[in-house]
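Asker: Let me give you the structure first, and then I'll get to my questions.
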Amino acid sequence: MAQKNKNENTVDTKMLLDSAMDLIHECSPHEAVHSKKFTIDTKNNKAYCVNDVISFYISLDSIYSGHKKISSRFSRATALKIIEKAIFDKKVAGEYFSDTGTVELLKVFTDAQPDDVKVIAPISGIRIDSEGPLVIGPFEIGHSQSLKFPISNDNEYYISSAIKDSYDNEKSIAVAHDEFEEFINLIFLIAGKKDNSVFIKTDLLSYRSMSHQQMYVDTTSYQVHKGKVDFPCASIKNKIVEKLPVDNEFFAANDKFNALWDLYKKRKNKERISDFESRILNCSISLGEALKSQTEKNSVIHTCIALEILLSYDEGSLFQKSIGDRLAETFVFIVAKDKESRIQMGALLKQVYRMRSALVHGGNKEIDQSYVTIIQYSRAAIAELLTSDKYKDVKKIGDLYDMVKSAQNSY
């Protein structure tokens with residue numbers, strides 16, 4: 001069966017390669033350089049260009065998507081570049097792909113040997129007060145000047161992540177980029193600030209240091225015109241904020257949230273974590289995104305996504321409560337300590353869900369600050385779930401709902 005599937009894959013790939021080749025035609029060098037995709041055979045002074053670029057890349061993308069070993073190991077850009085070159089080489093040679101030639105092309109990907117690599121990027125918006133480097137979960141953060149080949153200015157920092165079994169640098173960079181964004185989100189979650197006072201990013205257009213503790217973020221410029229007044233009110237402000245001291249125990253070893261770094265490291269290293277632990281981690285990352293976003297609409301949506309990641313549960317029942325009701329009763333079970341706070345907190349969460357529905361479905365888009373309160377309650381819920389013995393045996397979401405149902409039936 002495996003051999004049959006392999007042969008079918010080869011045949012399908014050959015058909016896609018041939019269809020892509022049929023879209024290439026010989027042309028003049030002048031016509032080639034004015035087309036979107038071309039090659040010039042300088043040896044024979046011939047040029048070739050693609051008639052239909054969209055269909056050409058549909059064929060190439062189908063090859064990429066149809067082979068798990070290619071799409072899981074190589075970035076789309078890297079794989080398509082290799083396949084594209086092979087197709088043009090065959091066209092220039094006046095040949096089509098044979099079964100053997102197709103297999104040889106696929107072997108470029110399937111027979112590649114992996115390496116273990118470390119991806120390093122500049123990071124700004126944070127600081128280290130100790131000598132460093134600092135390890136938080138699977139991440140290493142240190143002073144740029146300590147690197148053999150510094151990646152940013154002398155007074156800046158780097159963040160790195162180890163990537164095992166790397167087949168393609170571009171793929172590894174993409175994986176590390178996502179991990180760095182999740183690191184930033186978790187820092188935002190721990191900081192818990194929704195006041196636009198925290199700025200962290202990982203690129204070379206870094207925030208400019210004003211001192212070890214402070215950095216320049218941007219300068220805003222606005223004019224406000226009132227009625228028939230000739231001269232508008234002007235506002236020009238420099239935004240200078242504190243860098244976050246990530247080697248402080250508040251971030252590196254927080255009593256309430258430190259377990260998140262352990263969960264993240266385990267997941268990255270493909271160690272087993274429970275379904276509920278995975279929900280807690282993904283919820284935390286999404287809440288960090290809600291805190292990080294400077295657009296209130298996105299913050300509301302990510303707040304609701306975080307709650308759904310953590311608490312959504314479908315028992316397959318014919319009659320279901322609304323998602324707001326279901327999340328509210330489970331949410332207040334974790335956070336609220338008495339009947340009055342349960343009622344208030346449940347009403348607040350439903351209010352946020354009404355805002356979310358209005359934003360998504362095009363209704364009233366007025367946003368109040370109730371979602372910020374829900375973010376803070378959600379942080380408290382995560383801390384409770386991570387540290388309380390009450391939840392140590394919860395391995396899946398059904399276990400939590402059983403606890404809620406038991407509590408409801410007791411009063």
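Naming works like this for the structure tokens: A, B, ... for the chains as they're shown, residue 1 at the start of each chain, ligands 1 onward in shown order.
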I'd like to know which residues of region 309-348 of chain A are alpha helix (DSSP H) (by DSSP, run on the backbone); could you write them as a ChimeraX atom specification?

Answerer: /A:309-311,323-335,339-348

Asker: Set the distance at 9 Å and use only C-alpha atoms: which residues neighbour Ile374 (chain A) once local chain neighbours fewer than 5 positions away are removed? I'd like the list as a PDB file with C-alpha atoms, in the first residue's frame.

Answerer:
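Below you can see selection-v9.pdb, which holds the result:
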ATOM      1  CA  THR A 303      -9.704  38.502  24.723  1.00  0.00           C
ATOM      2  CA  MET A 345     -18.312  38.926  36.834  1.00  0.00           C
ATOM      3  CA  LEU A 348     -19.299  41.654  32.721  1.00  0.00           C
ATOM      4  CA  LEU A 349     -18.104  38.741  30.587  1.00  0.00           C
ATOM      5  CA  VAL A 352     -17.684  41.788  26.487  1.00  0.00           C
ATOM      6  CA  ARG A 379      -4.875  36.556  34.270  1.00  0.00           C
TER       7      ARG A 379
END

Asker: If we count only C-alpha atoms and set the cut-off at 9 Å, which residues sit around Ile187 (chain A), ignoring sequence neighbours fewer than 3 positions away in its own chain? Please answer as a ChimeraX atom specification.

Answerer: /A:182-184,190-192,246,251,288

Asker: Tell me, which residues of region 138-317 of chain A carry DSSP strand (DSSP E), written as number ranges by chain?

Answerer: A: 139-143, 157-166, 208-209, 214-224, 233-242, 244-245

Asker: Could you dump the residues just selected with C-alpha atoms as a PDB file, in the first residue's frame?

Answerer:
ATOM      1  CA  PHE A 139      14.717  31.159  25.202  1.00  0.00           C
ATOM      2  CA  GLU A 140      18.133  32.727  25.741  1.00  0.00           C
ATOM      3  CA  ILE A 141      18.401  36.500  26.032  1.00  0.00           C
ATOM      4  CA  GLY A 142      21.673  38.354  26.244  1.00  0.00           C
ATOM      5  CA  HIS A 143      23.729  41.414  25.360  1.00  0.00           C
ATOM      6  CA  TYR A 157      20.014  42.659  23.153  1.00  0.00           C
ATOM      7  CA  TYR A 158      19.388  39.396  21.346  1.00  0.00           C
ATOM      8  CA  ILE A 159      16.936  36.553  21.797  1.00  0.00           C
ATOM      9  CA  SER A 160      17.623  33.034  20.565  1.00  0.00           C
ATOM     10  CA  SER A 161      15.802  29.735  20.204  1.00  0.00           C
ATOM     11  CA  ALA A 162      17.193  26.295  19.384  1.00  0.00           C
ATOM     12  CA  ILE A 163      15.533  24.540  16.445  1.00  0.00           C
ATOM     13  CA  LYS A 164      16.048  20.791  16.192  1.00  0.00           C
ATOM     14  CA  ASP A 165      16.037  18.899  12.893  1.00  0.00           C
ATOM     15  CA  SER A 166      16.277  21.952  10.656  1.00  0.00           C
ATOM     16  CA  ARG A 208      16.327  53.760  20.224  1.00  0.00           C
ATOM     17  CA  SER A 209      17.933  53.637  23.646  1.00  0.00           C
ATOM     18  CA  GLN A 214      14.612  54.045  28.862  1.00  0.00           C
ATOM     19  CA  MET A 215      14.021  54.082  25.115  1.00  0.00           C
ATOM     20  CA  TYR A 216      12.435  56.302  22.497  1.00  0.00           C
ATOM     21  CA  VAL A 217       9.393  54.752  20.791  1.00  0.00           C
ATOM     22  CA  ASP A 218       7.971  57.363  18.430  1.00  0.00           C
ATOM     23  CA  THR A 219       6.827  60.933  17.962  1.00  0.00           C
ATOM     24  CA  THR A 220       3.160  61.710  17.316  1.00  0.00           C
ATOM     25  CA  SER A 221       1.881  64.811  15.574  1.00  0.00           C
ATOM     26  CA  TYR A 222      -1.777  65.882  15.407  1.00  0.00           C
ATOM     27  CA  GLN A 223      -3.830  68.963  14.636  1.00  0.00           C
ATOM     28  CA  VAL A 224      -7.335  69.604  15.993  1.00  0.00           C
ATOM     29  CA  CYS A 233      -4.620  73.138  18.343  1.00  0.00           C
ATOM     30  CA  ALA A 234      -1.387  71.230  17.764  1.00  0.00           C
ATOM     31  CA  SER A 235      -0.025  68.252  19.636  1.00  0.00           C
ATOM     32  CA  ILE A 236       3.499  66.915  19.161  1.00  0.00           C
ATOM     33  CA  LYS A 237       4.732  64.373  21.681  1.00  0.00           C
ATOM     34  CA  ASN A 238       7.792  62.181  22.045  1.00  0.00           C
ATOM     35  CA  LYS A 239       6.998  58.799  23.566  1.00  0.00           C
ATOM     36  CA  ILE A 240       9.744  57.614  25.927  1.00  0.00           C
ATOM     37  CA  VAL A 241       9.064  54.499  27.992  1.00  0.00           C
ATOM     38  CA  GLU A 242      10.816  52.135  30.374  1.00  0.00           C
ATOM     39  CA  LEU A 244      11.182  45.877  30.817  1.00  0.00           C
ATOM     40  CA  PRO A 245      13.806  44.264  33.104  1.00  0.00           C
TER      41      PRO A 245
END

Asker: Please provide the set of residues having any atom within 12 Å of Gln408 (chain A), restricted to only C-alpha atoms, with same-chain residues fewer than 2 positions apart removed, written as a list in words.

Answerer: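 So, after excluding close chain neighbours, the residues are Glu329, Thr330, Val332, Phe333, Lys339, Tyr401, Asp402, Met403, Val404, Lys405, Ser406, Ser410 and Tyr411 of chain A.
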
Asker: Region 66-72 of chain A: which residues within 6 Å, counting only C-alpha atoms, same-chain residues fewer than 3 positions away excluded, as a PyMOL selection string?

Answerer: chain A and resi 62-63+109

Asker: If you keep C-alpha atoms, can you produce a file of those selected residues as an mmCIF file, in the first residue's frame?

Answerer:
data_model
loop_
_atom_site.group_PDB
_atom_site.id
_atom_site.type_symbol
_atom_site.label_atom_id
_atom_site.label_comp_id
_atom_site.auth_asym_id
_atom_site.auth_seq_id
_atom_site.Cartn_x
_atom_site.Cartn_y
_atom_site.Cartn_z
ATOM 1 C CA SER A 62 0.104 21.763 -5.316
ATOM 2 C CA ILE A 63 3.395 19.868 -5.395
ATOM 3 C CA PHE A 109 13.672 17.215 -0.354
#

Asker: Expressed in Å to a single decimal, how great is the separation between CA of Cys27 (chain A) and CA of Ile40 (chain A)?

Answerer: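 CA of Ile40 (chain A) lies at a distance of 9.5 Å from CA of Cys27 (chain A).
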
Asker: Quick one: residues within 8 Å of Cys49 (chain A), only C-alpha atoms counted, chain neighbours fewer than 4 positions away excluded, as a compact mmCIF listing (two decimals) with C-alpha atoms, in the first residue's frame?

Answerer:
# COMPACT_ATOMS: atom_id res chain seq x y z
CA ILE A 24 6.44 28.24 -20.47
CA HIS A 25 7.19 29.35 -24.02
CA GLU A 26 10.26 30.53 -25.87
CA CYS A 27 10.39 34.29 -26.42
CA ALA A 32 11.29 37.88 -21.23
CA SER A 35 7.32 39.33 -18.13
CA LYS A 36 6.65 38.35 -14.51
CA LYS A 37 8.55 35.05 -14.62
CA PHE A 38 11.32 34.20 -17.05
CA THR A 39 14.78 32.74 -17.57
